[in-house]
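This is work.cif (mmCIF, C-alpha atoms).
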```cif
data_run
loop_
_atom_site.group_PDB
_atom_site.id
_atom_site.type_symbol
_atom_site.label_atom_id
_atom_site.label_comp_id
_atom_site.auth_asym_id
_atom_site.auth_seq_id
_atom_site.Cartn_x
_atom_site.Cartn_y
_atom_site.Cartn_z
ATOM 1 C CA MET C 92 0.534 -10.378 -21.910
ATOM 2 C CA THR C 93 -2.486 -11.107 -19.733
ATOM 3 C CA LEU C 94 -2.880 -14.021 -17.355
ATOM 4 C CA GLU C 95 -5.465 -15.556 -19.703
ATOM 5 C CA ALA C 96 -2.860 -15.758 -22.451
ATOM 6 C CA CYS C 97 -0.812 -18.141 -20.325
ATOM 7 C CA LEU C 98 -3.449 -20.870 -20.781
ATOM 8 C CA PRO C 99 -4.716 -22.547 -23.989
ATOM 9 C CA SER C 100 -8.124 -21.274 -25.088
ATOM 10 C CA ASP C 101 -9.736 -24.706 -24.751
ATOM 11 C CA ARG C 102 -8.577 -24.961 -21.169
ATOM 12 C CA ARG C 103 -9.821 -21.453 -20.358
ATOM 13 C CA SER C 104 -13.307 -22.327 -21.537
ATOM 14 C CA GLU C 105 -13.417 -25.317 -19.182
ATOM 15 C CA LEU C 106 -12.539 -23.388 -16.077
ATOM 16 C CA GLY C 107 -15.393 -22.466 -13.804
ATOM 17 C CA SER C 108 -15.502 -18.992 -12.317
ATOM 18 C CA PHE C 109 -14.517 -20.264 -8.891
ATOM 19 C CA ILE C 110 -11.473 -22.164 -10.160
ATOM 20 C CA TRP C 111 -10.467 -19.213 -12.318
ATOM 21 C CA THR C 112 -10.631 -16.929 -9.297
ATOM 22 C CA ILE C 113 -8.356 -19.274 -7.347
ATOM 23 C CA LEU C 114 -5.878 -19.347 -10.229
ATOM 24 C CA ILE C 115 -5.780 -15.558 -10.403
ATOM 25 C CA ILE C 116 -5.180 -15.254 -6.664
ATOM 26 C CA LYS C 117 -2.441 -17.863 -6.830
ATOM 27 C CA TYR C 118 -0.547 -16.884 -9.969
ATOM 28 C CA MET C 119 -1.013 -13.151 -10.540
ATOM 29 C CA LYS C 120 2.073 -11.370 -9.263
ATOM 30 C CA VAL C 121 1.739 -8.961 -6.370
ATOM 31 C CA VAL C 122 4.126 -6.018 -6.324
ATOM 32 C CA GLY C 123 4.332 -4.140 -3.049
ATOM 33 C CA LEU C 124 4.945 -0.406 -3.354
ATOM 34 C CA THR C 125 5.987 1.574 -0.295
ATOM 35 C CA GLY C 126 7.898 4.604 0.884
ATOM 36 C CA GLY C 127 8.076 6.936 3.839
ATOM 37 C CA ILE C 128 5.621 9.765 4.417
ATOM 38 C CA GLY C 129 6.153 12.445 1.780
ATOM 39 C CA SER C 130 8.101 10.169 -0.571
ATOM 40 C CA GLY C 131 5.476 10.395 -3.312
ATOM 41 C CA LYS C 132 4.505 6.730 -3.453
ATOM 42 C CA SER C 133 0.960 7.696 -4.478
ATOM 43 C CA THR C 134 2.378 9.646 -7.420
ATOM 44 C CA VAL C 135 4.412 6.600 -8.414
ATOM 45 C CA ALA C 136 1.328 4.395 -8.071
ATOM 46 C CA LYS C 137 -0.530 6.636 -10.536
ATOM 47 C CA MET C 138 2.327 6.214 -13.007
ATOM 48 C CA PHE C 139 1.872 2.449 -12.882
ATOM 49 C CA GLN C 140 -1.877 2.954 -13.322
ATOM 50 C CA LYS C 141 -1.251 4.914 -16.513
ATOM 51 C CA LEU C 142 0.615 1.861 -17.808
ATOM 52 C CA GLY C 143 -2.519 -0.213 -17.267
ATOM 53 C CA VAL C 144 -1.487 -1.861 -14.006
ATOM 54 C CA PRO C 145 -4.282 -2.376 -11.444
ATOM 55 C CA VAL C 146 -3.399 -0.497 -8.237
ATOM 56 C CA TYR C 147 -4.733 -1.142 -4.747
ATOM 57 C CA ILE C 148 -4.195 1.690 -2.244
ATOM 58 C CA ALA C 149 -4.125 -0.164 1.082
ATOM 59 C CA ASP C 150 -4.317 2.920 3.308
ATOM 60 C CA ASP C 151 -7.399 4.257 1.481
ATOM 61 C CA GLU C 152 -9.125 0.894 1.662
ATOM 62 C CA ALA C 153 -8.247 0.614 5.356
ATOM 63 C CA LYS C 154 -10.028 3.923 6.039
ATOM 64 C CA LYS C 155 -13.084 2.723 4.099
ATOM 65 C CA LEU C 156 -13.196 -0.530 6.051
ATOM 66 C CA MET C 157 -12.832 1.334 9.347
ATOM 67 C CA ASN C 158 -15.914 3.332 8.327
ATOM 68 C CA SER C 159 -18.008 0.536 6.842
ATOM 69 C CA ASP C 160 -17.103 -2.801 8.444
ATOM 70 C CA ALA C 161 -19.172 -3.296 11.599
ATOM 71 C CA SER C 162 -16.724 -5.746 13.167
ATOM 72 C CA VAL C 163 -13.751 -3.471 12.539
ATOM 73 C CA LYS C 164 -15.615 -0.433 13.909
ATOM 74 C CA LYS C 165 -16.566 -2.297 17.069
ATOM 75 C CA GLN C 166 -12.965 -3.336 17.720
ATOM 76 C CA VAL C 167 -11.651 0.176 17.032
ATOM 77 C CA VAL C 168 -14.093 1.652 19.564
ATOM 78 C CA GLN C 169 -13.124 -0.998 22.129
ATOM 79 C CA LEU C 170 -9.477 -0.066 21.639
ATOM 80 C CA LEU C 171 -9.650 3.722 21.295
ATOM 81 C CA GLY C 172 -12.996 4.694 22.798
ATOM 82 C CA ASP C 173 -16.110 6.368 21.445
ATOM 83 C CA ASP C 174 -14.137 9.418 20.279
ATOM 84 C CA ALA C 175 -12.671 7.262 17.498
ATOM 85 C CA TYR C 176 -15.844 8.096 15.563
ATOM 86 C CA ASP C 177 -17.609 11.418 15.190
ATOM 87 C CA LEU C 178 -21.249 11.147 14.081
ATOM 88 C CA GLY C 179 -20.500 7.666 12.795
ATOM 89 C CA GLU C 180 -17.512 8.731 10.712
ATOM 90 C CA LEU C 181 -13.886 7.899 11.413
ATOM 91 C CA ASN C 182 -12.263 10.613 13.538
ATOM 92 C CA ARG C 183 -8.895 10.504 11.827
ATOM 93 C CA SER C 184 -7.297 13.409 13.700
ATOM 94 C CA TYR C 185 -8.202 11.896 17.084
ATOM 95 C CA ILE C 186 -6.952 8.442 16.112
ATOM 96 C CA ALA C 187 -3.701 9.834 14.694
ATOM 97 C CA GLY C 188 -3.132 11.827 17.872
ATOM 98 C CA VAL C 189 -3.450 8.641 19.928
ATOM 99 C CA VAL C 190 -1.655 5.980 17.925
ATOM 100 C CA PHE C 191 1.275 8.027 16.667
ATOM 101 C CA ASN C 192 2.156 8.786 20.282
ATOM 102 C CA ASP C 193 1.555 5.283 21.617
ATOM 103 C CA ALA C 194 3.360 2.451 19.841
ATOM 104 C CA SER C 195 1.325 -0.179 21.666
ATOM 105 C CA LYS C 196 -1.980 1.336 20.547
ATOM 106 C CA LEU C 197 -0.689 1.586 16.971
ATOM 107 C CA GLU C 198 0.324 -2.071 16.997
ATOM 108 C CA GLN C 199 -3.086 -3.107 18.321
ATOM 109 C CA LEU C 200 -4.893 -0.984 15.747
ATOM 110 C CA ASN C 201 -2.843 -2.529 12.952
ATOM 111 C CA ALA C 202 -3.721 -5.988 14.289
ATOM 112 C CA ILE C 203 -7.400 -5.087 13.815
ATOM 113 C CA VAL C 204 -7.188 -3.410 10.437
ATOM 114 C CA HIS C 205 -4.479 -5.305 8.528
ATOM 115 C CA PRO C 206 -6.252 -8.710 8.423
ATOM 116 C CA ALA C 207 -9.432 -7.037 7.137
ATOM 117 C CA VAL C 208 -7.444 -5.217 4.452
ATOM 118 C CA ALA C 209 -5.624 -8.435 3.468
ATOM 119 C CA HIS C 210 -8.933 -10.229 2.925
ATOM 120 C CA HIS C 211 -10.355 -7.272 0.979
ATOM 121 C CA PHE C 212 -7.217 -7.174 -1.184
ATOM 122 C CA ASP C 213 -7.562 -10.855 -2.109
ATOM 123 C CA MET C 214 -11.165 -10.288 -3.183
ATOM 124 C CA TRP C 215 -10.150 -7.208 -5.194
ATOM 125 C CA LYS C 216 -7.245 -9.045 -6.806
ATOM 126 C CA SER C 217 -9.512 -11.886 -7.964
ATOM 127 C CA LYS C 218 -11.368 -9.398 -10.194
ATOM 128 C CA GLN C 219 -8.271 -7.920 -11.877
ATOM 129 C CA LYS C 220 -6.593 -8.782 -15.168
ATOM 130 C CA GLY C 221 -2.944 -8.520 -16.085
ATOM 131 C CA VAL C 222 0.438 -9.984 -15.260
ATOM 132 C CA TYR C 223 0.657 -8.211 -11.917
ATOM 133 C CA VAL C 224 -1.040 -5.793 -9.547
ATOM 134 C CA ILE C 225 0.419 -3.055 -7.370
ATOM 135 C CA LYS C 226 -0.353 -2.974 -3.656
ATOM 136 C CA GLU C 227 0.602 0.438 -2.296
ATOM 137 C CA ALA C 228 1.053 0.560 1.471
ATOM 138 C CA ALA C 229 2.776 2.918 3.908
ATOM 139 C CA ILE C 230 3.761 -0.042 6.083
ATOM 140 C CA LEU C 231 5.117 -3.013 4.164
ATOM 141 C CA PHE C 232 8.444 -4.125 5.601
ATOM 142 C CA GLU C 233 7.658 -3.265 9.202
ATOM 143 C CA ASN C 234 4.792 -5.777 9.436
ATOM 144 C CA ASP C 235 6.278 -8.479 7.163
ATOM 145 C CA GLY C 236 3.741 -7.609 4.469
ATOM 146 C CA TYR C 237 6.533 -7.776 1.901
ATOM 147 C CA LYS C 238 6.658 -11.536 2.396
ATOM 148 C CA GLN C 239 3.271 -11.798 0.653
ATOM 149 C CA CYS C 240 4.638 -9.948 -2.388
ATOM 150 C CA ASP C 241 6.472 -11.319 -5.417
ATOM 151 C CA TYR C 242 8.421 -8.065 -5.733
ATOM 152 C CA THR C 243 8.753 -4.888 -3.700
ATOM 153 C CA ILE C 244 9.413 -1.308 -4.762
ATOM 154 C CA LEU C 245 10.728 1.316 -2.355
ATOM 155 C CA VAL C 246 10.313 5.017 -3.177
ATOM 156 C CA LEU C 247 13.161 7.144 -1.852
ATOM 157 C CA VAL C 248 13.427 10.881 -1.189
ATOM 158 C CA PRO C 249 15.801 12.694 1.215
ATOM 159 C CA GLU C 250 14.209 13.122 4.635
ATOM 160 C CA GLU C 251 14.151 16.935 4.728
ATOM 161 C CA GLU C 252 12.591 17.047 1.259
ATOM 162 C CA ARG C 253 9.878 14.656 2.479
ATOM 163 C CA ILE C 254 9.147 16.889 5.474
ATOM 164 C CA GLN C 255 8.888 19.985 3.286
ATOM 165 C CA ARG C 256 6.519 18.188 0.909
ATOM 166 C CA VAL C 257 4.188 17.183 3.730
ATOM 167 C CA LEU C 258 4.249 20.677 5.276
ATOM 168 C CA LYS C 259 3.293 22.112 1.887
ATOM 169 C CA ARG C 260 0.628 19.443 1.260
ATOM 170 C CA ASP C 261 -1.003 19.409 4.706
ATOM 171 C CA ASN C 262 -1.381 22.964 5.982
ATOM 172 C CA ASN C 263 -2.454 21.935 9.493
ATOM 173 C CA THR C 264 0.389 19.467 10.026
ATOM 174 C CA THR C 265 3.406 20.459 12.108
ATOM 175 C CA ARG C 266 7.000 19.316 11.789
ATOM 176 C CA LYS C 267 6.632 17.606 15.171
ATOM 177 C CA GLN C 268 3.633 15.598 13.949
ATOM 178 C CA ILE C 269 5.505 14.551 10.816
ATOM 179 C CA ARG C 270 8.481 13.443 12.892
ATOM 180 C CA SER C 271 6.143 11.451 15.115
ATOM 181 C CA ARG C 272 4.803 9.553 12.108
ATOM 182 C CA MET C 273 8.277 8.992 10.740
ATOM 183 C CA ASN C 274 9.328 7.487 14.059
ATOM 184 C CA ASN C 275 6.682 4.787 13.579
ATOM 185 C CA GLN C 276 8.187 3.774 10.224
ATOM 186 C CA TRP C 277 11.527 2.149 9.558
ATOM 187 C CA GLU C 278 14.299 4.325 8.240
ATOM 188 C CA ASP C 279 15.097 3.878 4.555
ATOM 189 C CA ALA C 280 18.425 2.266 5.443
ATOM 190 C CA GLN C 281 16.524 -0.624 7.048
ATOM 191 C CA LYS C 282 14.204 -1.072 4.075
ATOM 192 C CA ILE C 283 16.646 -0.765 1.180
ATOM 193 C CA PRO C 284 18.224 -4.244 1.596
ATOM 194 C CA LEU C 285 14.751 -5.841 1.494
ATOM 195 C CA ALA C 286 13.495 -4.031 -1.621
ATOM 196 C CA ASP C 287 13.719 -5.540 -5.095
ATOM 197 C CA PHE C 288 13.535 -2.167 -6.828
ATOM 198 C CA LEU C 289 14.396 1.380 -5.744
ATOM 199 C CA ILE C 290 12.825 4.505 -7.218
ATOM 200 C CA TYR C 291 14.483 7.842 -6.527
ATOM 201 C CA ASN C 292 11.565 10.269 -6.751
ATOM 202 C CA ILE C 293 13.216 13.655 -7.156
ATOM 203 C CA ASP C 294 12.519 14.561 -10.779
ATOM 204 C CA LEU C 295 9.148 13.421 -12.155
ATOM 205 C CA LYS C 296 10.407 12.678 -15.668
ATOM 206 C CA ASN C 297 13.220 10.582 -14.279
ATOM 207 C CA THR C 298 10.745 8.837 -11.969
ATOM 208 C CA GLU C 299 8.552 7.975 -14.963
ATOM 209 C CA ASN C 300 11.554 6.448 -16.713
ATOM 210 C CA GLN C 301 12.325 4.331 -13.644
ATOM 211 C CA VAL C 302 8.696 3.181 -13.436
ATOM 212 C CA ASP C 303 8.660 2.236 -17.116
ATOM 213 C CA LYS C 304 11.864 0.217 -16.742
ATOM 214 C CA ILE C 305 10.534 -1.672 -13.716
ATOM 215 C CA HIS C 306 7.218 -2.313 -15.471
ATOM 216 C CA ARG C 307 8.951 -3.830 -18.476
ATOM 217 C CA GLU C 308 11.117 -6.036 -16.266
ATOM 218 C CA ILE C 309 8.219 -7.374 -14.195
ATOM 219 C CA SER C 310 6.020 -7.876 -17.274
ATOM 220 C CA SER C 311 8.632 -9.788 -19.256
#
```

When written as structure tokens, how does the structure in this file appear?
Amino acid sequence: MTLEACLPSDRRSELGSFIWTILIIKYMKVVGLTGGIGSGKSTVAKMFQKLGVPVYIADDEAKKLMNSDASVKKQVVQLLGDDAYDLGELNRSYIAGVVFNDASKLEQLNAIVHPAVAHHFDMWKSKQKGVYVIKEAAILFENDGYKQCDYTILVLVPEEERIQRVLKRDNNTTRKQIRSRMNNQWEDAQKIPLADFLIYNIDLKNTENQVDKIHREISS
């Protein structure tokens, strides 16, 4: 069932585009999807996409905004220096080396980027159709982002398995670097009580079954 189906056809025809946009932003459900580094949350997001659910990848959009938004770029340079950009492009390795070893810098960077992403998400959401959208984000509980969601999904994988996945995926990443990133995220034990749904992402077929079950429950 789409959001349009919730309103009589005669009422839909009377709604102006602006009012309709406001209704979508207000009533379309937002489902936050998160998980620690190496948990496979992006894989889970793609499974929801295959079911026709619009998916917003917050981390990808944040990188785009850090490259394209003049105000964001200016603030990032003020915080991290000129080395934050290399020939006008985001210097991700430099930024990661700074913020994942300085909690204060990471907090300040998030304070710059997260509001810009939140605004961009609202604009994106206003153009979607369906009962709900997925907002995939690495940080959801830590920054109270879950409070802006109708439901939250936490993807779980044993820690050592997550480390091995990242080492295999990112050839230039060390175990120490992975640990450093993990230290800037809550442990799963802190997040589990706040999540509405848990997905244990060990076996892909089983993960698909869990995704399908959650989709049916949210859509009903």

- Closest to Val248 of chain C among C:Phe139, C:Tyr291, C:Trp215, C:Tyr118, using all atoms listed in the file?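 Of C:Phe139, C:Tyr291, C:Trp215, C:Tyr118, the one nearest Val248 of chain C is C:Tyr291, counting all atoms listed in the file.
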
- Name the residues in contact with Val163 of chain C at a cut-off of 7 Å, using only C-alpha atoms, excluding same-chain residues fewer than 3 positions from it; report them as JSON, numbers by chain. {"C": [157, 160, 166, 167, 203, 204]}

Can you spell out as a PDB file with C-alpha atoms, in the coordinates of the input the set of residues that the PyMOL selection byres ((chain C and resi 303) around 12) selects in the structure I just provided?
```pdb
ATOM      1  CA  VAL C 135       4.412   6.600  -8.414  1.00  0.00           C
ATOM      2  CA  ALA C 136       1.328   4.395  -8.071  1.00  0.00           C
ATOM      3  CA  MET C 138       2.327   6.214 -13.007  1.00  0.00           C
ATOM      4  CA  PHE C 139       1.872   2.449 -12.882  1.00  0.00           C
ATOM      5  CA  GLN C 140      -1.877   2.954 -13.322  1.00  0.00           C
ATOM      6  CA  LYS C 141      -1.251   4.914 -16.513  1.00  0.00           C
ATOM      7  CA  LEU C 142       0.615   1.861 -17.808  1.00  0.00           C
ATOM      8  CA  GLY C 143      -2.519  -0.213 -17.267  1.00  0.00           C
ATOM      9  CA  VAL C 144      -1.487  -1.861 -14.006  1.00  0.00           C
ATOM     10  CA  ILE C 290      12.825   4.505  -7.218  1.00  0.00           C
ATOM     11  CA  LYS C 296      10.407  12.678 -15.668  1.00  0.00           C
ATOM     12  CA  ASN C 297      13.220  10.582 -14.279  1.00  0.00           C
ATOM     13  CA  THR C 298      10.745   8.837 -11.969  1.00  0.00           C
ATOM     14  CA  GLU C 299       8.552   7.975 -14.963  1.00  0.00           C
ATOM     15  CA  ASN C 300      11.554   6.448 -16.713  1.00  0.00           C
ATOM     16  CA  GLN C 301      12.325   4.331 -13.644  1.00  0.00           C
ATOM     17  CA  VAL C 302       8.696   3.181 -13.436  1.00  0.00           C
ATOM     18  CA  LYS C 304      11.864   0.217 -16.742  1.00  0.00           C
ATOM     19  CA  ILE C 305      10.534  -1.672 -13.716  1.00  0.00           C
ATOM     20  CA  HIS C 306       7.218  -2.313 -15.471  1.00  0.00           C
ATOM     21  CA  ARG C 307       8.951  -3.830 -18.476  1.00  0.00           C
ATOM     22  CA  GLU C 308      11.117  -6.036 -16.266  1.00  0.00           C
ATOM     23  CA  ILE C 309       8.219  -7.374 -14.195  1.00  0.00           C
ATOM     24  CA  SER C 310       6.020  -7.876 -17.274  1.00  0.00           C
TER      25      SER C 310
END
```

- Message: I'd like to know which of C:Ser195, C:Thr264, C:Ser159, C:Gln276 is closest to Leu231 of chain C, using only C-alpha atoms.
- Response: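 Of all the options, C:Gln276 lies closest to Leu231 of chain C.
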
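Here atom CA of Ser271 of chain C is placed at a distance of 14.8 Å from atom CA of Gln255 of chain C.
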
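Picture a line from atom CA of Tyr176 of chain C to atom CA of Gly127 of chain C; it runs 26.7 Å.
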
- Got a sec: who's within 12 Å of Val168 of chain C, counting all atoms listed in the file, leaving out chain neighbours fewer than 2 positions off, as a ChimeraX atom specification? /C:157-158,161-166,170-177,179-182,186,200,203

Find the residues around Ile230 of chain C up to 9 Å (all atoms listed in the file counted), leave out those fewer than 2 positions away in its own chain, and share them as an mmCIF file with C-alpha atoms, in the frame of the given file.
```
data_model
loop_
_atom_site.group_PDB
_atom_site.id
_atom_site.type_symbol
_atom_site.label_atom_id
_atom_site.label_comp_id
_atom_site.auth_asym_id
_atom_site.auth_seq_id
_atom_site.Cartn_x
_atom_site.Cartn_y
_atom_site.Cartn_z
ATOM 1 C CA THR C 125 5.987 1.574 -0.295
ATOM 2 C CA GLY C 126 7.898 4.604 0.884
ATOM 3 C CA GLY C 127 8.076 6.936 3.839
ATOM 4 C CA GLU C 227 0.602 0.438 -2.296
ATOM 5 C CA ALA C 228 1.053 0.560 1.471
ATOM 6 C CA PHE C 232 8.444 -4.125 5.601
ATOM 7 C CA GLU C 233 7.658 -3.265 9.202
ATOM 8 C CA ASN C 234 4.792 -5.777 9.436
ATOM 9 C CA ASP C 235 6.278 -8.479 7.163
ATOM 10 C CA GLY C 236 3.741 -7.609 4.469
ATOM 11 C CA GLN C 276 8.187 3.774 10.224
ATOM 12 C CA TRP C 277 11.527 2.149 9.558
#
```
